[in-house]
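Raw contents of final.txt, compact mmCIF, C-alpha atoms (C1' of nucleotides):
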# COMPACT_ATOMS: atom_id res chain seq x y z
CA MET R 1 82.67 77.04 109.45
CA ALA R 2 84.95 79.38 111.34
CA ALA R 3 84.98 79.42 115.11
CA GLY R 4 82.28 81.77 116.31
CA THR R 5 82.31 82.98 119.89
CA THR R 6 80.94 86.16 121.37
CA GLN R 7 84.47 87.54 121.41
CA ASP R 8 84.74 86.93 117.70
CA THR R 9 81.69 89.02 117.02
CA GLU R 10 83.11 91.87 119.01
CA LEU R 11 86.47 91.64 117.28
CA VAL R 12 84.89 91.52 113.84
CA GLY R 13 82.78 94.55 114.60
CA SER R 14 85.80 96.43 115.86
CA LEU R 15 87.80 95.64 112.75
CA VAL R 16 85.01 96.72 110.42
CA GLN R 17 84.61 99.97 112.30
CA LEU R 18 88.34 100.49 112.20
CA MET R 19 88.36 99.97 108.44
CA TYR R 20 85.73 102.65 107.94
CA VAL R 21 87.49 105.09 110.22
CA LEU R 22 90.71 104.60 108.31
CA GLN R 23 88.97 104.86 104.94
CA ASP R 24 87.36 108.15 105.90
CA LEU R 25 90.64 109.43 107.24
CA TYR R 26 92.42 108.46 104.05
CA ALA R 27 89.79 110.17 101.91
CA GLU R 28 89.79 113.36 103.98
CA THR R 29 93.54 113.53 103.89
CA SER R 30 93.89 112.91 100.15
CA ARG R 31 91.25 115.38 99.05
CA PRO R 32 92.98 118.64 99.97
CA LEU R 33 96.03 117.38 98.08
CA GLY R 34 93.94 117.05 94.92
CA LEU R 35 94.12 113.27 94.99
CA THR R 36 91.57 110.50 95.26
CA PRO R 37 92.40 107.84 97.84
CA GLN R 38 93.23 105.45 95.00
CA GLN R 39 95.59 107.93 93.39
CA ALA R 40 97.29 108.57 96.72
CA HIS R 41 97.66 104.83 97.19
CA LEU R 42 99.24 104.42 93.77
CA LEU R 43 101.68 107.26 94.29
CA CYS R 44 102.68 105.95 97.70
CA VAL R 45 103.26 102.46 96.35
CA LEU R 46 105.60 103.96 93.76
CA LEU R 47 107.62 105.69 96.47
CA ALA R 48 109.47 102.38 96.84
CA GLY R 49 110.52 102.56 93.18
CA PRO R 50 109.20 102.13 89.61
CA LEU R 51 106.97 99.14 88.83
CA GLY R 52 105.50 97.47 85.77
CA MET R 53 101.77 97.60 85.11
CA THR R 54 101.19 93.95 85.95
CA GLU R 55 103.03 94.11 89.24
CA LEU R 56 101.37 97.38 90.17
CA SER R 57 97.90 96.04 89.37
CA ARG R 58 98.63 93.00 91.54
CA ILE R 59 99.74 95.14 94.47
CA MET R 60 96.70 97.37 94.18
CA SER R 61 94.25 94.53 93.59
CA ILE R 62 92.80 96.02 90.42
CA GLU R 63 92.72 94.88 86.80
CA ARG R 64 95.48 96.06 84.50
CA SER R 65 92.96 97.84 82.30
CA SER R 66 91.68 99.82 85.28
CA LEU R 67 95.22 100.75 86.09
CA THR R 68 95.85 101.97 82.55
CA SER R 69 93.29 104.74 82.93
CA MET R 70 94.53 105.68 86.38
CA VAL R 71 98.08 105.99 85.10
CA ASP R 72 96.81 107.97 82.10
CA ARG R 73 95.21 110.54 84.37
CA LEU R 74 98.26 110.82 86.61
CA GLU R 75 100.58 111.03 83.63
CA ARG R 76 98.51 113.89 82.17
CA ARG R 77 99.16 115.73 85.42
CA SER R 78 102.87 114.92 85.18
CA LEU R 79 102.83 113.04 88.48
CA VAL R 80 104.03 109.75 87.01
CA GLU R 81 105.68 108.73 83.75
CA ARG R 82 105.93 105.56 81.70
CA LEU R 83 109.54 104.54 81.22
CA PRO R 84 110.57 101.86 78.74
CA ASP R 85 111.67 98.56 80.26
CA PRO R 86 115.12 97.91 78.82
CA ALA R 87 114.68 94.15 79.26
CA ASP R 88 111.25 93.76 77.63
CA ARG R 89 109.95 95.95 74.86
CA ARG R 90 106.33 95.07 75.64
CA ALA R 91 106.61 96.34 79.19
CA CYS R 92 106.95 99.74 80.76
CA ARG R 93 107.92 100.92 84.18
CA ILE R 94 105.72 103.42 85.98
CA ALA R 95 107.79 105.93 87.88
CA LEU R 96 107.10 109.01 89.98
CA THR R 97 108.20 112.32 88.49
CA GLY R 98 109.74 115.03 90.65
CA PRO R 99 106.40 116.67 91.44
CA GLY R 100 104.88 113.20 91.83
CA THR R 101 107.45 112.25 94.42
CA GLU R 102 106.88 115.47 96.26
CA LEU R 103 103.12 114.96 96.35
CA ALA R 104 103.48 111.32 97.36
CA ASP R 105 105.72 112.36 100.23
CA GLN R 106 103.20 114.95 101.31
CA ALA R 107 100.36 112.45 101.19
CA HIS R 108 102.35 109.90 103.11
CA SER R 109 103.31 112.39 105.80
CA ALA R 110 99.81 113.75 106.12
CA TYR R 111 98.35 110.31 106.47
CA THR R 112 100.98 109.22 108.95
CA ASP R 113 100.39 112.32 111.05
CA ARG R 114 96.63 111.82 111.12
CA ILE R 115 96.89 108.21 112.23
CA ALA R 116 99.59 109.01 114.75
CA GLU R 117 97.25 111.64 116.18
CA LEU R 118 94.43 109.16 116.32
CA THR R 119 96.50 106.50 118.04
CA GLY R 120 98.69 108.75 120.13
CA ASN R 121 96.94 107.95 123.37
CA LEU R 122 96.96 104.17 123.07
CA PRO R 123 98.99 102.35 125.71
CA ALA R 124 102.15 100.63 124.52
CA GLY R 125 100.67 97.20 125.11
CA GLN R 126 97.82 97.82 122.71
CA ARG R 127 100.10 99.33 120.11
CA ASN R 128 102.41 96.35 120.17
CA ALA R 129 99.49 93.93 120.09
CA ILE R 130 98.13 95.60 116.97
CA VAL R 131 101.45 95.50 115.17
CA ALA R 132 101.87 91.83 116.08
CA ALA R 133 98.31 90.95 115.08
CA VAL R 134 98.61 92.65 111.72
CA ALA R 135 101.88 90.84 111.09
CA THR R 136 100.10 87.54 111.69
CA ILE R 137 97.09 88.46 109.59
CA THR R 138 99.04 89.70 106.60
CA ARG R 139 101.32 86.67 106.60
CA PRO R 140 98.77 83.90 106.12
CA PRO R 141 99.84 80.23 106.32
CA GLU R 142 101.15 79.34 102.86
CA MET N 1 102.73 118.10 115.16
CA ALA N 2 101.86 114.65 116.42
CA ALA N 3 104.34 112.63 118.44
CA GLY N 4 106.56 110.72 116.03
CA THR N 5 108.58 107.82 117.28
CA THR N 6 109.82 104.74 115.47
CA GLN N 7 106.99 102.79 117.08
CA ASP N 8 104.49 105.21 115.59
CA THR N 9 105.76 104.57 112.12
CA GLU N 10 105.41 100.85 112.58
CA LEU N 11 101.92 101.18 113.99
CA VAL N 12 100.81 103.47 111.18
CA GLY N 13 102.15 101.08 108.57
CA SER N 14 100.37 98.20 110.24
CA LEU N 15 97.07 100.03 110.31
CA VAL N 16 97.32 101.03 106.66
CA GLN N 17 98.11 97.46 105.66
CA LEU N 18 95.23 96.24 107.77
CA MET N 19 92.87 98.66 106.07
CA TYR N 20 93.83 97.35 102.64
CA VAL N 21 93.49 93.74 103.72
CA LEU N 22 90.03 94.42 105.07
CA GLN N 23 89.02 96.41 101.99
CA ASP N 24 90.05 93.57 99.69
CA LEU N 25 88.26 91.08 101.88
CA TYR N 26 85.13 93.18 101.86
CA ALA N 27 85.23 93.51 98.08
CA GLU N 28 85.84 89.81 97.50
CA THR N 29 83.04 88.88 99.85
CA SER N 30 80.52 91.31 98.40
CA ARG N 31 81.12 90.47 94.74
CA PRO N 32 79.71 86.93 94.66
CA LEU N 33 76.56 88.31 96.30
CA GLY N 34 76.10 90.72 93.43
CA LEU N 35 76.90 93.73 95.58
CA THR N 36 79.56 96.39 95.51
CA PRO N 37 81.25 97.02 98.86
CA GLN N 38 79.35 100.30 99.13
CA GLN N 39 76.02 98.62 98.48
CA ALA N 40 76.80 95.95 101.06
CA HIS N 41 77.69 98.67 103.52
CA LEU N 42 74.43 100.50 102.92
CA LEU N 43 72.34 97.35 103.30
CA CYS N 44 74.14 96.39 106.50
CA VAL N 45 73.63 99.83 108.00
CA LEU N 46 69.92 99.49 107.32
CA LEU N 47 69.81 96.19 109.20
CA ALA N 48 69.47 98.29 112.33
CA GLY N 49 66.30 99.87 110.96
CA PRO N 50 65.04 102.42 108.40
CA LEU N 51 66.82 105.75 108.09
CA GLY N 52 66.31 109.08 106.35
CA MET N 53 68.55 110.14 103.50
CA THR N 54 70.35 112.80 105.49
CA GLU N 55 71.11 110.50 108.39
CA LEU N 56 72.18 107.69 106.08
CA SER N 57 74.48 109.97 104.09
CA ARG N 58 76.05 111.13 107.34
CA ILE N 59 76.65 107.58 108.54
CA MET N 60 78.16 106.56 105.21
CA SER N 61 80.20 109.73 104.81
CA ILE N 62 78.85 110.55 101.35
CA GLU N 63 76.82 113.44 99.95
CA ARG N 64 73.06 113.13 99.89
CA SER N 65 73.06 113.43 96.11
CA SER N 66 75.46 110.48 95.82
CA LEU N 67 73.20 108.48 98.07
CA THR N 68 70.18 109.25 95.91
CA SER N 69 71.65 107.33 92.98
CA MET N 70 72.76 104.44 95.17
CA VAL N 71 69.29 104.10 96.63
CA ASP N 72 67.80 104.37 93.13
CA ARG N 73 69.84 101.39 91.97
CA LEU N 74 69.00 99.31 95.02
CA GLU N 75 65.35 100.22 94.81
CA ARG N 76 65.27 99.12 91.16
CA ARG N 77 66.45 95.73 92.36
CA SER N 78 63.80 95.72 95.10
CA LEU N 79 66.40 95.49 97.85
CA VAL N 80 65.33 98.71 99.57
CA GLU N 81 62.27 100.94 99.42
CA ARG N 82 61.48 104.55 100.15
CA LEU N 83 58.78 104.86 102.78
CA PRO N 84 57.04 108.15 103.54
CA ASP N 85 57.99 109.77 106.82
CA PRO N 86 54.72 110.34 108.67
CA ALA N 87 56.21 113.24 110.61
CA ASP N 88 57.73 115.18 107.70
CA ARG N 89 56.37 115.19 104.20
CA ARG N 90 59.69 116.28 102.72
CA ALA N 91 61.51 113.28 104.14
CA CYS N 92 61.50 109.59 103.39
CA ARG N 93 62.72 106.59 105.26
CA ILE N 94 64.91 104.06 103.47
CA ALA N 95 64.06 100.53 104.52
CA LEU N 96 65.21 97.04 103.57
CA THR N 97 62.68 94.90 101.74
CA GLY N 98 62.37 91.20 102.50
CA PRO N 99 64.91 90.18 99.88
CA GLY N 100 67.07 93.11 100.92
CA THR N 101 67.10 91.95 104.53
CA GLU N 102 67.98 88.45 103.44
CA LEU N 103 70.86 89.66 101.29
CA ALA N 104 72.11 92.01 104.00
CA ASP N 105 72.12 89.12 106.47
CA GLN N 106 74.04 86.98 104.03
CA ALA N 107 76.59 89.72 103.43
CA HIS N 108 77.00 90.33 107.12
CA SER N 109 77.49 86.65 107.88
CA ALA N 110 79.90 86.13 105.02
CA TYR N 111 81.99 89.07 106.08
CA THR N 112 81.96 88.03 109.72
CA ASP N 113 83.05 84.52 108.81
CA ARG N 114 85.91 85.72 106.64
CA ILE N 115 87.29 88.01 109.32
CA ALA N 116 86.81 85.41 112.01
CA GLU N 117 88.82 83.01 109.84
CA LEU N 118 91.52 85.60 109.36
CA THR N 119 91.79 86.38 113.05
CA GLY N 120 91.07 82.92 114.42
CA ASN N 121 94.64 82.26 115.41
CA LEU N 122 95.30 85.48 117.27
CA PRO N 123 96.00 85.09 120.97
CA ALA N 124 93.34 86.41 123.33
CA GLY N 125 95.58 89.23 124.50
CA GLN N 126 95.91 90.65 121.01
CA ARG N 127 92.20 90.29 120.32
CA ASN N 128 91.29 92.17 123.46
CA ALA N 129 93.89 94.82 122.79
CA ILE N 130 92.43 95.46 119.33
CA VAL N 131 88.89 95.75 120.63
CA ALA N 132 90.03 98.15 123.34
CA ALA N 133 92.12 100.20 120.94
CA VAL N 134 89.29 100.57 118.44
CA ALA N 135 86.95 101.62 121.23
CA THR N 136 89.38 104.38 122.15
CA ILE N 137 89.93 105.44 118.56
CA THR N 138 86.29 105.59 117.58
CA ARG N 139 85.38 107.55 120.69
CA PRO N 140 87.57 110.62 120.23
CA PRO N 141 87.80 113.27 123.00
CA GLU N 142 84.77 115.53 122.49
C1' DT H 1 64.82 131.23 105.92
C1' DA H 2 66.39 126.49 106.66
C1' DT H 3 66.06 121.70 105.63
C1' DT H 4 64.94 117.30 102.86
C1' DG H 5 65.66 115.19 99.04
C1' DT H 6 66.29 115.21 93.84
C1' DT H 7 68.22 116.48 89.22
C1' DA H 8 71.89 117.67 86.13
C1' DT H 9 76.52 117.25 85.12
C1' DA H 10 81.18 115.80 85.17
C1' DC H 11 84.86 112.82 86.69
C1' DT H 12 86.92 108.87 88.66
C1' DC H 13 87.09 103.87 89.59
C1' DT H 14 86.37 99.40 88.03
C1' DA H 15 85.50 95.15 85.34
C1' DT H 16 85.02 92.38 80.99
C1' DA H 17 86.19 91.44 76.37
C1' DA H 18 88.82 92.11 72.41
C1' DC H 19 93.02 93.69 70.61
C1' DT H 20 98.39 94.71 69.47
C1' DA H 21 103.02 93.88 70.08
C1' DT H 22 106.56 91.31 71.89
C1' DA H 23 108.53 87.02 74.21
C1' DT X 1 101.40 80.01 72.69
C1' DA X 2 101.80 83.13 76.53
C1' DT X 3 102.51 87.62 78.44
C1' DA X 4 102.52 93.04 78.80
C1' DG X 5 99.83 96.53 78.10
C1' DT X 6 95.99 99.11 75.69
C1' DT X 7 91.33 100.16 73.81
C1' DA X 8 86.40 100.03 73.93
C1' DT X 9 82.54 99.85 76.57
C1' DA X 10 79.52 99.86 80.39
C1' DG X 11 78.19 100.51 85.02
C1' DA X 12 78.91 102.23 89.66
C1' DG X 13 80.54 105.78 93.08
C1' DT X 14 81.21 110.50 94.09
C1' DA X 15 81.08 115.65 94.34
C1' DT X 16 79.26 120.30 93.17
C1' DA X 17 75.66 123.30 91.97
C1' DA X 18 71.04 124.34 91.18
C1' DC X 19 66.44 123.16 92.21
C1' DA X 20 61.58 121.78 94.38
C1' DA X 21 58.76 121.02 98.22
C1' DT X 22 57.99 121.38 102.92
C1' DA X 23 59.12 123.04 107.72

Take the structure in the file and give it back as structure tokens.
Amino acid sequence: MAAGTTQDTELVGSLVQLMYVLQDLYAETSRPLGLTPQQAHLLCVLLAGPLGMTELSRIMSIERSSLTSMVDRLERRSLVERLPDPADRRACRIALTGPGTELADQAHSAYTDRIAELTGNLPAGQRNAIVAAVATITRPPE
Amino acid sequence: MAAGTTQDTELVGSLVQLMYVLQDLYAETSRPLGLTPQQAHLLCVLLAGPLGMTELSRIMSIERSSLTSMVDRLERRSLVERLPDPADRRACRIALTGPGTELADQAHSAYTDRIAELTGNLPAGQRNAIVAAVATITRPPE
DNA sequence: TATTGTTATACTCTATAACTATA
DNA sequence: TATAGTTATAGAGTATAACAATA
């Protein structure tokens, strides 16, 4: 069993609350752009460059078949496109279109602004601690 | 526009990453219990006591009509029940049943354990900083 | 008239299982 | 045989609009 002190309980509660605050923020910010939070996530992931379905499904923690329908819907709106993979005729590369890139940029900026607003008054010590903690958490002992 | 320094960007990225880590964790933990993350959330909110539909929808940030179908599904599985509100015949109070309470406790414990595991190695300074930061964030200037 | 909750409807998200085409 | 992606299907989450009953 994991260590369980009173401090743990408080930390866990804080993190859960934080998750919900961020989720709500993400949803509220995506909506006016005509995107679901999942669609915004997908577009923002693609800002780094085109990806294959398998890799994209891994990054987003969803099944490939679920991703197929998401990409279908975004492709119908001309926000992404399926490009052939020159190295593998089974595979395709999902890429942002021009409008898709623009919208992804908007979503990213809007989200960044909202969080920056929310965290603008935190002292530097807390900000640094959070960045350091997240770095530790997201790089688990392999 | 919000203040935008290099540190902001790093903090925002960290928080977004943290949100996704926690979301995945929540989903993975809920699944084996036969619950979606949203259902687990609802049950855990009710651990504090019965609530009306309007209040519950406000807490969960979803429309009342969306909540109706969620409660329907949970009621079919005898995890929650609709109790009459003695003070208002239009209203009802959503309450956990015995099995519902048990499952909510399990979900809460499982989630707490997983996060405690994830954050077990963080130094005390970072833990305290996170708790303090979340307290600030979730209590915005009214 | 305002509020509580539901119904009807439409879409999106998601998983599982079975499939096609290529490696 | 294994992998990349799709199709078919089913269930869950969600919003909007219209509604019923009560306050």

For atom CA of Val45 of chain R and atom CA of Thr97 of chain R, the interatomic separation in Å (one decimal): 13.5 Å

Mind pulling up the distance from atom CA of Ala135 of chain N to atom CA of Arg127 of chain R?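 Here the two named atoms are 13.4 Å from each other.
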
Set the distance at 10 Å and use all atoms listed in the file: which residues neighbour Thr138 of chain R once local chain neighbours fewer than 5 positions away are removed? I'd like the list as a PyMOL selection string. (chain R and resi 133) or (chain N and resi 14+17-18+21+118)

I need the contact residues of chain N against chain X, so if you could list those with any atom within 12 Å, counting all atoms listed in the file, and return them as a list in words, that would help.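 Every residue of chain N that passes the 12 Å test is in Leu35, Thr36, Pro37, Gln38, Gln39, Ser61, Ile62, Glu63, Arg64, Ser65, Ser66, Leu67, Thr68, Ser69, Met70, Val71, Asp72, Arg73, Leu74, Ala87, Asp88, Arg89, Arg90 and Ala91 of chain N.
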
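The coordinates place atom CA of Tyr26 of chain N at 20.4 Å from atom CA of Leu96 of chain N.
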
For chain N, list the residues within 8 Å of chain R, counting all atoms listed in the file, and write the list as a ChimeraX atom specification. /N:1-4,8-12,14-19,21-24,61,112-120,122,125-138

Just write the chosen residues, C-alpha atoms, as a PDB file, in the coordinates of the input.
ATOM      1  CA  MET N   1     102.730 118.100 115.160  1.00  0.00           C
ATOM      2  CA  ALA N   2     101.860 114.650 116.420  1.00  0.00           C
ATOM      3  CA  ALA N   3     104.340 112.630 118.440  1.00  0.00           C
ATOM      4  CA  GLY N   4     106.560 110.720 116.030  1.00  0.00           C
ATOM      5  CA  ASP N   8     104.490 105.210 115.590  1.00  0.00           C
ATOM      6  CA  THR N   9     105.760 104.570 112.120  1.00  0.00           C
ATOM      7  CA  GLU N  10     105.410 100.850 112.580  1.00  0.00           C
ATOM      8  CA  LEU N  11     101.920 101.180 113.990  1.00  0.00           C
ATOM      9  CA  VAL N  12     100.810 103.470 111.180  1.00  0.00           C
ATOM     10  CA  SER N  14     100.370  98.200 110.240  1.00  0.00           C
ATOM     11  CA  LEU N  15      97.070 100.030 110.310  1.00  0.00           C
ATOM     12  CA  VAL N  16      97.320 101.030 106.660  1.00  0.00           C
ATOM     13  CA  GLN N  17      98.110  97.460 105.660  1.00  0.00           C
ATOM     14  CA  LEU N  18      95.230  96.240 107.770  1.00  0.00           C
ATOM     15  CA  MET N  19      92.870  98.660 106.070  1.00  0.00           C
ATOM     16  CA  VAL N  21      93.490  93.740 103.720  1.00  0.00           C
ATOM     17  CA  LEU N  22      90.030  94.420 105.070  1.00  0.00           C
ATOM     18  CA  GLN N  23      89.020  96.410 101.990  1.00  0.00           C
ATOM     19  CA  ASP N  24      90.050  93.570  99.690  1.00  0.00           C
ATOM     20  CA  SER N  61      80.200 109.730 104.810  1.00  0.00           C
ATOM     21  CA  THR N 112      81.960  88.030 109.720  1.00  0.00           C
ATOM     22  CA  ASP N 113      83.050  84.520 108.810  1.00  0.00           C
ATOM     23  CA  ARG N 114      85.910  85.720 106.640  1.00  0.00           C
ATOM     24  CA  ILE N 115      87.290  88.010 109.320  1.00  0.00           C
ATOM     25  CA  ALA N 116      86.810  85.410 112.010  1.00  0.00           C
ATOM     26  CA  GLU N 117      88.820  83.010 109.840  1.00  0.00           C
ATOM     27  CA  LEU N 118      91.520  85.600 109.360  1.00  0.00           C
ATOM     28  CA  THR N 119      91.790  86.380 113.050  1.00  0.00           C
ATOM     29  CA  GLY N 120      91.070  82.920 114.420  1.00  0.00           C
ATOM     30  CA  LEU N 122      95.300  85.480 117.270  1.00  0.00           C
ATOM     31  CA  GLY N 125      95.580  89.230 124.500  1.00  0.00           C
ATOM     32  CA  GLN N 126      95.910  90.650 121.010  1.00  0.00           C
ATOM     33  CA  ARG N 127      92.200  90.290 120.320  1.00  0.00           C
ATOM     34  CA  ASN N 128      91.290  92.170 123.460  1.00  0.00           C
ATOM     35  CA  ALA N 129      93.890  94.820 122.790  1.00  0.00           C
ATOM     36  CA  ILE N 130      92.430  95.460 119.330  1.00  0.00           C
ATOM     37  CA  VAL N 131      88.890  95.750 120.630  1.00  0.00           C
ATOM     38  CA  ALA N 132      90.030  98.150 123.340  1.00  0.00           C
ATOM     39  CA  ALA N 133      92.120 100.200 120.940  1.00  0.00           C
ATOM     40  CA  VAL N 134      89.290 100.570 118.440  1.00  0.00           C
ATOM     41  CA  ALA N 135      86.950 101.620 121.230  1.00  0.00           C
ATOM     42  CA  THR N 136      89.380 104.380 122.150  1.00  0.00           C
ATOM     43  CA  ILE N 137      89.930 105.440 118.560  1.00  0.00           C
ATOM     44  CA  THR N 138      86.290 105.590 117.580  1.00  0.00           C
TER      45      THR N 138
END

Using all atoms listed in the file and a cut-off of 10 Å, which residues of chain H sit close to chain R? Please list them as JSON, numbers by chain. {"H": [12, 13, 14, 15, 16, 21, 22, 23]}

Excluding Gly100 of chain N and residues on its chain fewer than 2 positions from it, collect all residues at most 10 Å away from it, counting all atoms listed in the file, and give them as a count of residues only. 20

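Candidate residues N:Arg76, N:Gly49, N:Cys92, N:Thr29 were compared for distance to DG5 of chain H, and the nearest is N:Cys92, using all atoms listed in the file.
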